[in-house]
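Single-structure report; data block below.
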Amino acid sequence: MSRQPLDFSLNLGIDNSRRNSVFDVWIVTSVFLLSLLGISMIYSASQSVEMALRQGIYMVFGFVVLTIISFSNFRKMEVFYLYSYWPGLFLLIIVLFFSNENNETSRWIDLGMFTIQPSELMRFLLPLSAAAFLSRKPSISNFDYLVVFVLTLLATFLVLLQPDLGTALIVLLSGILPILLGGLPWRYIYLGAFVTVCSLPLIWFSLYEYQQQRILTLFNPEADIYGAGWNIAQSKIAIGSGGFWGKGYLNGSQSQLNFIPESHSDFIFSVISEEFGLIGVLFLMFLYGLLIYRLILISIKHQNRFAKILSATLSTILLAYISINICMVIGLLPVVGMPLPFVSQGGTALIINLVTIGIILSLRRET
Amino acid sequence: MKGKQFLTDQSILRRIFLFLFPFLILLIFAFLQILNLMVFQAEKFKTQADSNRILKEKVFPPRGLIFDTNDEIIVDNFIRQDLVVTPNFIEDYSLYLSLLSELVEIEKNTLEQVFYKKLSEIKPFQSFTLLRDLNDRQLAKVKLNFKDLPGTEINSSFSRNVVFGESSGAVTGYLGFASKQDILINPNLKNFNDQQVGLLGIEKEFDDELRGTVGYRYSEKDARGGVLDVLSVEPSTKGKNIKLSIDIELQDKLYKEFRGRKGALIAIEPDTGFIRAMISSPSYNPNFFNNFKTEEIKLLFQNKNSPLFNRAISGQYPPASTLKPFIGLVALEEDVITWQEKILDEGEFFVEGDKRPYTGWKEGGHGEVNMEKAIAESSDVYFYNIAYDLTVNSIAPFLKKFGFGKSSDLFINESQGILPDKKWKLGQKGEFWFKGDTINMGIGQGYILATPLQIALAYSALINGGKLISPRIVQSIEGEETKFVSEKIEIKDIQNLEYIKESLISVVESNTGTAKNIFDPKLRIAGKTGTAQVKSILDDNKYQEIRENVLLRDHALFVGYGPVEDPSIVVVAIVENGESGSLVAAPIVQKAINLYEQ
């Protein structure tokens with residue numbers, strides 16, 4: 001394959017001639033504020049300067065990459081995007097051979113300095129290459145959809161093996177969305193929905209017992225307040241006790257005294273609620289709302305198919321993350337490992353989210 | 001394969017919204033739930049967060065101490081270190097118990113038994129005491145390895161030590177855990193449900209005073225139960241100290257007099273009601289219970305001599321001849337006989353219609369006896385005669401005034417004894433009262449039963465001029481004196497009491513008195529012997545046979561008081577199967593009075 005080397009097109013002067021400014025200020029600001037909020041909440045929840053600092057470094061790195069990508073010419077990158085699925089798949093297979101000290105399969109590949117979470121990577125690489133694949137020709141054949149679908153199922157299956165139910169669902173979603181947005185005829189969509197509904201019982205029995213337990217707990221959290229329901233009960237106490245104004249930064253007793261599980265990652269929303277109250281929650285939702293609105297706007301306005309599919313998929317996945325995570329910590333959905341985008345602790349997720357934003361920003365320049 | 005055109009702007013927009021829609025719905029639900037939690041239920045959750053955060057711990061007060069009348073300490077507290085665990089913070093029980101077993105050098109099996117039993121009794125996140133009274137070595141090892149023992153705490157608590165052990169067991173009683181029923185009866189015990197409370201003796205009778213009240217310590221804790229900071233303390237009130245009327249030196253010495261024998265002794269002041277010694281033999285060491293010595297406790301319960309039974313207040317014995325002075329008194333009061341009037345005692349008493357005579361203890365009888373002689377020599381025939389004339393209808397009510405057949409309310413586990421009359425017999429035995437029952441009652445045999453305490457109270461009333469006193473074993477509670485309560489017994493002629501006292505002096509001082517062996521001019525004492533039949537003897541041939549079995553031998557009784565000139569103490573001693581009141585019981589009483597007078 002002989003292609004030009006990566007062209008990051010850092011010549012701002014040329015881009016200034018275009019109708020829109022390079023950066024969508026709203027998107028960048030909201031992402032920046034969310035990441036900053038994340039770091040400060042991670043510090044509050046963990047009381048570990050090191051953890052907050054580490055997240056800060058990821059954020060800086062992520063923003064550097066975001067900037068570079070947003071100035072790159074995405075058209076020249078398309079071929080890389082097209083094949084990006086394969087390294088992702090490779091890492092997903094590799095991770096199965098890694099195990100932690102408890103002899104359980106790990107979700108992370110430890111590279112000494114930092115760790116990579118291949119499943120997180122896949123839920124970004126899959127829609128990227130799927131969108132590129134489906135828009136490489138003027139028309140999309142049914143076979144193209146099938147290819148994407150099969151590769152999506154393969155990736156989902158590998159993530160399920162880890163086992164990581166939450167991310168597996170996101171990976172599945174991130175592969176199916178490009179197909180649906182690409183224009184799959186409705187009859188296939190109906191058929192797919194029908195098959196899914198019919199296989200629900202099968203899915204239930206293939207779940208691990210602890211996963212079933214989490215789902216059962218959802219319907220009757222008081223039944224087992226000291227067992228599986230404990231985490232949710234404590235999280236609800238934290239959120240509810242925050243009240244309107246919150247208890248103040250670093251003053252949430254539930255978070256500070258370790259009543260909230262995983263308070264720096266999946267349950268960070270509880271910490272925000274407890275310490276900043278309803279006001280804080282509204283502010284957070286405003287930031288997310290702004291971000292998703294601007295992302296959808298790009299998808300609608302953009303004339304390029306790749307950009308439309310990718311931007312719509314990524315913003316939908318972002319919304320999925322946000323809604324599932326929040327529903328999870330307030331006890332409306334079972335607890336599946338799913339972080340709050342930009343806010344929860346976790347380097348891979350943050351960098352990938354920022355890279356996603358970078359790519360969407362680079363697409364935006366073409367509008 | 002036919003390719004498809006890409007969707008139009010409008011249809012892609014529709015699809016985008018279609019896929020965003022479920023998540024938007026989710027978010028709307030989430031937002032409603034958040035509003036519900038943070039606005040409408042905020043107060044509830046704030047309270048819950050506070051109760052999460054604030055650990056309310058009971059602080060137990062030291063139990064009141066118990067002193068004797070000379071302010072010598074009888075029951076003391078010392079600090080004990082217990083190991084308390086909260087199982088929720090332990091990940092692997094087996095691993096934990098193995099480590100602990102190594103540290104405290106107790107077999108893992110033993111630990112497991114206690115651990116899993118208690119685990120089944122608690123709610124999640126509750127803790128329990130796994131090991132009590134750690135020694136210094138165990139304590140040091142556990143403290144060194146605290147980091148590897150999550151959910152483990154060392155709690156100091158008070159342990160009870162009865163200084164004189166067995167000697168004072170019948171008085172002090174012991175501690176243990178209140179049963180659910182105890183707590184139902186006395187709700188004050190609820191706060192002490194995991195603490196030792198009084199189960200017997202003074203510890204039980206005065207538990208409310210000795211216990212004190214629980215205080216609370218509020219501290220901030222984290223989710224693993226670790227205490228971060230003490231916020232406030234609501235202090236406990238310590239239990240009240242109790243001063244007993246018991247003279248522990250007297251008690252200790254007299255208990256040793258009984259060594260090897262079953263029996264009881266009560267020493268009481270007839271003018272104050274203070275009990276100076278209360279002995280039940282054999283007794284037990286309350287520290288076995290107080291300090292959880294399960295092996296020793298098991299042995300106590302297996303012991304056939306019932307060491308836990310307080311014979312002095314709960315043992316019911318035939319009063320035997322010690323009842324005669326009261327029969328004499330009622331005869332004088334009822335004018336059935338005069339002081340000097342004589343009756344011929346030839347060793348047998350016949351009742352019309354009965355083939356078998358009622359025999360006296362002395363073959364051939366005592367000859368012509370008046371009341372003084374009859375009491376001094378303990379003539380049975382004399383008392384058969386007057387009892388026969390008196391009838392049970394006048395004897396029983398009179399004895400009741402002297403405290404027979406009713407509880408003195410000293411201790412809750414006191415027996416009432418039996419004061420039989422016609423109604424009692426019909427009710428209990430389903431039979432009519434026979435003349436013979438009255439005749440037997442005249443010498444304190446038959447159905448009548450009394451506790452050593454009742455006999456002591458009755459004699460006190462004889463001596464103090466006819467006052468039935470309420471016995472007291474507690475002199476003061478936290479410096480506050482207990483009240484002396486007595487009931488005046490109606491006596492028609494006070495001279496009659498003097499007559500009876502004269503005859504009780506003759507028991508010891510006359511040449512023919514049954515207790516002349518204890519006469520000592522230096523400290524004159526008066527009293528009455530008694531020999532209580534354990535099994536009624538139908539004919540003399542069987543007597544030797546019966547003697548063979550120690551448990552069927554007669555009980556030896558003696559009631560004494562002294563000094564005669566101005567009696568300050570009444571002492572009742574019963575030696576079970578001791579056979580001779582004068583030779584076995586009387587010397588103990590004499591020793592008691594001598595020791596008391598010193």
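Chain identifiers are assigned as A, B, and so on, following the order in which chains appear in the structure tokens; residues are numbered from 1 within each chain, and ligands are numbered from 1 in order of appearance.
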Near chain B, meaning an atom within 8 Å, which residues of chain A appear when counting only C-alpha atoms? Write them as a PyMOL selection string. chain A and resi 138-142+180-183+226+236-244+253-254+257-259+277-278+300+305+312+316+319-320+323-324+326-327+330+332
Only C-alpha atoms, please: the residues just picked out, written as a CSV table (one decimal), in the first residue's frame.
```csv
chain,number,residue,atom,x,y,z
A,138,PRO,CA,-21.1,5.5,-3.7
A,139,SER,CA,-23.6,2.7,-3.0
A,140,ILE,CA,-23.7,0.2,-0.2
A,141,SER,CA,-24.4,-3.4,-0.9
A,142,ASN,CA,-26.2,-5.8,1.5
A,180,LEU,CA,-28.5,1.5,10.4
A,181,LEU,CA,-27.4,5.0,9.6
A,182,GLY,CA,-25.9,3.8,6.4
A,183,GLY,CA,-29.4,3.0,5.2
A,226,TYR,CA,-26.5,-5.6,52.4
A,236,LYS,CA,-28.8,6.7,46.2
A,237,ILE,CA,-28.2,7.9,49.7
A,238,ALA,CA,-25.3,9.9,48.4
A,239,ILE,CA,-27.3,11.5,45.6
A,240,GLY,CA,-30.4,12.2,47.6
A,241,SER,CA,-28.5,13.6,50.5
A,242,GLY,CA,-26.8,16.1,48.2
A,243,GLY,CA,-30.1,18.0,48.1
A,244,PHE,CA,-30.4,21.2,46.1
A,253,SER,CA,-19.7,12.1,53.8
A,254,GLN,CA,-20.8,9.2,51.6
A,257,LEU,CA,-16.0,7.9,53.9
A,258,ASN,CA,-15.9,5.3,51.2
A,259,PHE,CA,-19.6,4.4,51.3
A,277,GLY,CA,-26.3,18.9,44.6
A,278,LEU,CA,-29.0,19.4,42.0
A,300,ILE,CA,-26.9,17.0,10.1
A,305,ARG,CA,-21.5,10.3,4.2
A,312,ALA,CA,-24.0,10.5,14.4
A,316,THR,CA,-25.3,8.5,20.0
A,319,LEU,CA,-25.4,9.7,24.8
A,320,ALA,CA,-25.7,6.0,25.5
A,323,SER,CA,-27.7,7.9,30.1
A,324,ILE,CA,-26.7,4.3,31.0
A,326,ILE,CA,-26.6,7.8,35.2
A,327,CYS,CA,-29.4,5.3,35.2
A,330,ILE,CA,-29.5,6.0,40.5
A,332,LEU,CA,-32.8,2.5,37.2
```
Looking only at helix (DSSP H, G or I) from DSSP on the backbone, list the matching residues of stretch 80-177 of chain A as JSON, numbers by chain. {"A": [80, 81, 82, 83, 85, 86, 87, 88, 89, 90, 91, 92, 93, 94, 95, 118, 119, 120, 121, 122, 123, 124, 125, 126, 127, 128, 129, 130, 131, 132, 133, 134, 142, 143, 144, 145, 146, 147, 148, 149, 150, 151, 152, 153, 154, 155, 156, 157, 158, 159, 160, 165, 166, 167, 168, 169, 170, 171, 172, 173, 174, 175, 176, 177]}
Counting only C-alpha atoms, which residue out of A:Phe276, A:Tyr321, A:Phe286, A:Tyr43 sits closest to A:Pro339?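 Nearest to A:Pro339: A:Tyr321.
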Could you list, as an MDAnalysis selection string, every residue within 8 Å of stretch 346-363 of chain A, counting only C-alpha atoms and ignoring same-chain residues fewer than 6 positions away? chainID A and resid 22:24 31 55 58:59 61:63 65:74 115:117 120:121 124 265 295 298 307 310:311 314
Write to file, as a PDB file, in the first residue's frame, the residues of the selection just made, with C-alpha atoms.
```
ATOM      1  CA  VAL A  22     -11.559  25.655  12.994  1.00  0.00           C
ATOM      2  CA  PHE A  23     -12.815  24.937  16.464  1.00  0.00           C
ATOM      3  CA  ASP A  24     -16.359  24.607  17.526  1.00  0.00           C
ATOM      4  CA  VAL A  31     -15.342  18.864  26.765  1.00  0.00           C
ATOM      5  CA  GLN A  55      -5.850  11.824  34.939  1.00  0.00           C
ATOM      6  CA  TYR A  58      -4.096  11.946  30.236  1.00  0.00           C
ATOM      7  CA  MET A  59      -6.235  15.027  29.742  1.00  0.00           C
ATOM      8  CA  PHE A  61      -2.190  14.355  26.240  1.00  0.00           C
ATOM      9  CA  GLY A  62      -5.739  13.839  25.022  1.00  0.00           C
ATOM     10  CA  PHE A  63      -6.160  17.510  24.227  1.00  0.00           C
ATOM     11  CA  VAL A  65      -4.049  14.655  20.214  1.00  0.00           C
ATOM     12  CA  LEU A  66      -7.496  16.239  19.847  1.00  0.00           C
ATOM     13  CA  THR A  67      -5.904  19.418  18.513  1.00  0.00           C
ATOM     14  CA  ILE A  68      -3.661  17.584  16.085  1.00  0.00           C
ATOM     15  CA  ILE A  69      -6.455  15.400  14.748  1.00  0.00           C
ATOM     16  CA  SER A  70      -8.912  18.237  14.466  1.00  0.00           C
ATOM     17  CA  PHE A  71      -6.451  20.059  12.193  1.00  0.00           C
ATOM     18  CA  SER A  72      -5.732  16.968  10.137  1.00  0.00           C
ATOM     19  CA  ASN A  73      -7.317  16.336   6.794  1.00  0.00           C
ATOM     20  CA  PHE A  74      -9.712  13.526   7.483  1.00  0.00           C
ATOM     21  CA  THR A 115      -2.350   0.492  30.446  1.00  0.00           C
ATOM     22  CA  ILE A 116      -4.572   0.049  27.395  1.00  0.00           C
ATOM     23  CA  GLN A 117      -8.151  -1.140  27.579  1.00  0.00           C
ATOM     24  CA  GLU A 120     -12.602   0.847  25.033  1.00  0.00           C
ATOM     25  CA  LEU A 121     -10.437   1.178  21.960  1.00  0.00           C
ATOM     26  CA  PHE A 124     -14.100   3.742  18.933  1.00  0.00           C
ATOM     27  CA  SER A 265     -14.849   5.779  38.196  1.00  0.00           C
ATOM     28  CA  LEU A 295     -22.238  16.993  17.613  1.00  0.00           C
ATOM     29  CA  ILE A 298     -22.393  18.534  12.613  1.00  0.00           C
ATOM     30  CA  ALA A 307     -18.769  12.258   8.422  1.00  0.00           C
ATOM     31  CA  LEU A 310     -19.372   8.676  12.137  1.00  0.00           C
ATOM     32  CA  SER A 311     -20.503  11.807  13.863  1.00  0.00           C
ATOM     33  CA  LEU A 314     -20.192   8.691  18.051  1.00  0.00           C
TER      34      LEU A 314
END
```
Which residues are near A:Ile179? Cut-off 8 Å, only C-alpha atoms, ignore same chain within fewer than 5 positions. Put them as a compact mmCIF listing (two decimals) with C-alpha atoms, in the first residue's frame.
```
# COMPACT_ATOMS: atom_id res chain seq x y z
CA ALA A 130 -17.37 0.70 9.73
CA LEU A 134 -19.68 1.77 4.27
CA TYR A 145 -23.71 -4.55 5.82
CA VAL A 148 -19.74 -5.01 9.18
CA PHE A 149 -22.32 -6.97 11.15
CA LEU A 184 -30.14 -0.62 5.94
```
Nearest to B:Lys204 among B:Phe128, B:Phe288, B:Phe177, B:Phe349, with distances taken over only C-alpha atoms: which residue is it?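 That would be B:Phe177, the residue with the smallest distance to B:Lys204.
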Which residue gives the smallest distance to B:Pro286 among B:Arg160, B:Lys467, B:Lys253, B:Lys342, with only C-alpha atoms counted?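 Result for the nearest residue to B:Pro286: B:Arg160.
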Near B:Leu323, within 7 Å and counting only C-alpha atoms, which residues show up once chain neighbours fewer than 3 positions away are dropped, as a list in words? Pro319, Ala320, Phe326, Ile327, Ile443 and Gly444 of chain B
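For the atom pair formed by atom CA of B:Val163 and atom CA of B:Arg261, the distance is 22.7 Å, given to one decimal.
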Which of stretch 151-244 of chain B DSSP labels strand (DSSP E or B), written as a PyMOL selection string: chain B and resi 152-162+175-177+196-198+213+215-221+227-234+237+242-244
Using C-alpha atoms, can you export the residues from the last selection as a PDB file, in the first residue's frame?
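Result saved to selection27.pdb:
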```pdb
ATOM      1  CA  THR B 152     -11.154  -6.746  64.334  1.00  0.00           C
ATOM      2  CA  GLU B 153     -11.256  -4.567  67.406  1.00  0.00           C
ATOM      3  CA  ILE B 154     -10.056  -4.880  70.958  1.00  0.00           C
ATOM      4  CA  ASN B 155     -12.678  -3.743  73.439  1.00  0.00           C
ATOM      5  CA  SER B 156     -12.001  -3.162  77.085  1.00  0.00           C
ATOM      6  CA  SER B 157     -14.783  -4.136  79.375  1.00  0.00           C
ATOM      7  CA  PHE B 158     -15.191  -4.731  83.048  1.00  0.00           C
ATOM      8  CA  SER B 159     -14.920  -8.129  84.526  1.00  0.00           C
ATOM      9  CA  ARG B 160     -16.253  -9.084  87.901  1.00  0.00           C
ATOM     10  CA  ASN B 161     -14.213 -10.599  90.658  1.00  0.00           C
ATOM     11  CA  VAL B 162     -15.767 -12.003  93.809  1.00  0.00           C
ATOM     12  CA  LEU B 175     -23.369 -12.508  86.399  1.00  0.00           C
ATOM     13  CA  GLY B 176     -24.405 -13.779  83.014  1.00  0.00           C
ATOM     14  CA  PHE B 177     -26.397 -12.801  79.978  1.00  0.00           C
ATOM     15  CA  GLN B 196     -23.290  -9.515  81.767  1.00  0.00           C
ATOM     16  CA  VAL B 197     -25.965  -8.687  84.268  1.00  0.00           C
ATOM     17  CA  GLY B 198     -26.797 -10.132  87.680  1.00  0.00           C
ATOM     18  CA  THR B 213     -26.877   3.378  82.775  1.00  0.00           C
ATOM     19  CA  GLY B 215     -23.684   6.113  77.739  1.00  0.00           C
ATOM     20  CA  TYR B 216     -23.075   6.702  74.063  1.00  0.00           C
ATOM     21  CA  ARG B 217     -20.081   7.666  71.996  1.00  0.00           C
ATOM     22  CA  TYR B 218     -20.752   9.252  68.631  1.00  0.00           C
ATOM     23  CA  SER B 219     -17.920   8.993  66.189  1.00  0.00           C
ATOM     24  CA  GLU B 220     -17.434   9.434  62.489  1.00  0.00           C
ATOM     25  CA  LYS B 221     -16.724   6.214  60.702  1.00  0.00           C
ATOM     26  CA  VAL B 227     -13.550   5.085  63.459  1.00  0.00           C
ATOM     27  CA  LEU B 228     -12.120   8.341  62.184  1.00  0.00           C
ATOM     28  CA  ASP B 229     -12.946  10.830  64.894  1.00  0.00           C
ATOM     29  CA  VAL B 230     -14.950  10.922  68.100  1.00  0.00           C
ATOM     30  CA  LEU B 231     -17.614  13.598  67.736  1.00  0.00           C
ATOM     31  CA  SER B 232     -19.285  13.614  71.131  1.00  0.00           C
ATOM     32  CA  VAL B 233     -19.807  11.514  74.197  1.00  0.00           C
ATOM     33  CA  GLU B 234     -22.917  11.100  76.266  1.00  0.00           C
ATOM     34  CA  THR B 237     -23.584   6.640  84.834  1.00  0.00           C
ATOM     35  CA  ILE B 242     -23.574  -1.420  97.717  1.00  0.00           C
ATOM     36  CA  LYS B 243     -22.611  -1.959 101.317  1.00  0.00           C
ATOM     37  CA  LEU B 244     -23.875  -5.215 102.718  1.00  0.00           C
TER      38      LEU B 244
END
```
So how many Å separate atom CA of B:Leu468 and atom CA of B:Val171, to one decimal? 22.3 Å
Hey, what's within 12 Å of A:Gln47 if we count only C-alpha atoms and toss same-chain stuff fewer than 6 positions away? As a PyMOL selection string, please? chain A and resi 39-41+53+249-251+255-258+263-264
Next, the residues of the selection above should be written as a compact mmCIF listing (two decimals), in the first residue's frame with N, CA and C atoms.
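Once written, result-v8.txt looks like this:
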```txt
# COMPACT_ATOMS: atom_id res chain seq x y z
N ILE A 39 -11.42 15.57 36.77
CA ILE A 39 -10.19 15.50 37.57
C ILE A 39 -10.45 15.94 39.01
N SER A 40 -11.21 17.03 39.16
CA SER A 40 -11.44 17.50 40.53
C SER A 40 -12.31 16.50 41.30
N MET A 41 -13.26 15.85 40.63
CA MET A 41 -14.09 14.87 41.33
C MET A 41 -13.30 13.61 41.64
N LEU A 53 -3.59 13.55 39.31
CA LEU A 53 -2.49 14.03 38.47
C LEU A 53 -2.37 13.18 37.21
N TYR A 249 -17.68 20.88 48.00
CA TYR A 249 -16.55 20.10 47.49
C TYR A 249 -15.75 19.49 48.64
N LEU A 250 -15.45 18.22 48.53
CA LEU A 250 -14.70 17.45 49.54
C LEU A 250 -15.48 17.24 50.83
N ASN A 251 -16.77 17.60 50.82
CA ASN A 251 -17.55 17.49 52.05
C ASN A 251 -18.62 16.41 52.01
N SER A 255 -19.12 9.97 50.00
CA SER A 255 -17.96 9.77 49.12
C SER A 255 -16.67 9.75 49.92
N GLN A 256 -16.56 10.69 50.86
CA GLN A 256 -15.31 10.82 51.58
C GLN A 256 -15.06 9.62 52.50
N LEU A 257 -16.14 9.01 52.99
CA LEU A 257 -15.97 7.91 53.94
C LEU A 257 -16.12 6.56 53.26
N ASN A 258 -15.98 6.57 51.93
CA ASN A 258 -15.94 5.32 51.17
C ASN A 258 -17.20 4.49 51.19
N SER A 263 -16.09 5.07 43.55
CA SER A 263 -16.59 6.45 43.51
C SER A 263 -15.81 7.31 42.53
N HIS A 264 -14.60 6.91 42.20
CA HIS A 264 -13.81 7.74 41.28
C HIS A 264 -14.03 7.34 39.82
```
Mind checking which residues fall within 12 Å of stretch 160-163 of chain A, counting only C-alpha atoms, ignoring those fewer than 6 positions away in the same chain, and posting them as a PyMOL selection string? chain A and resi 92-100+104-108+117-119+153-154+169-172+203+206-208+210-211+336-337
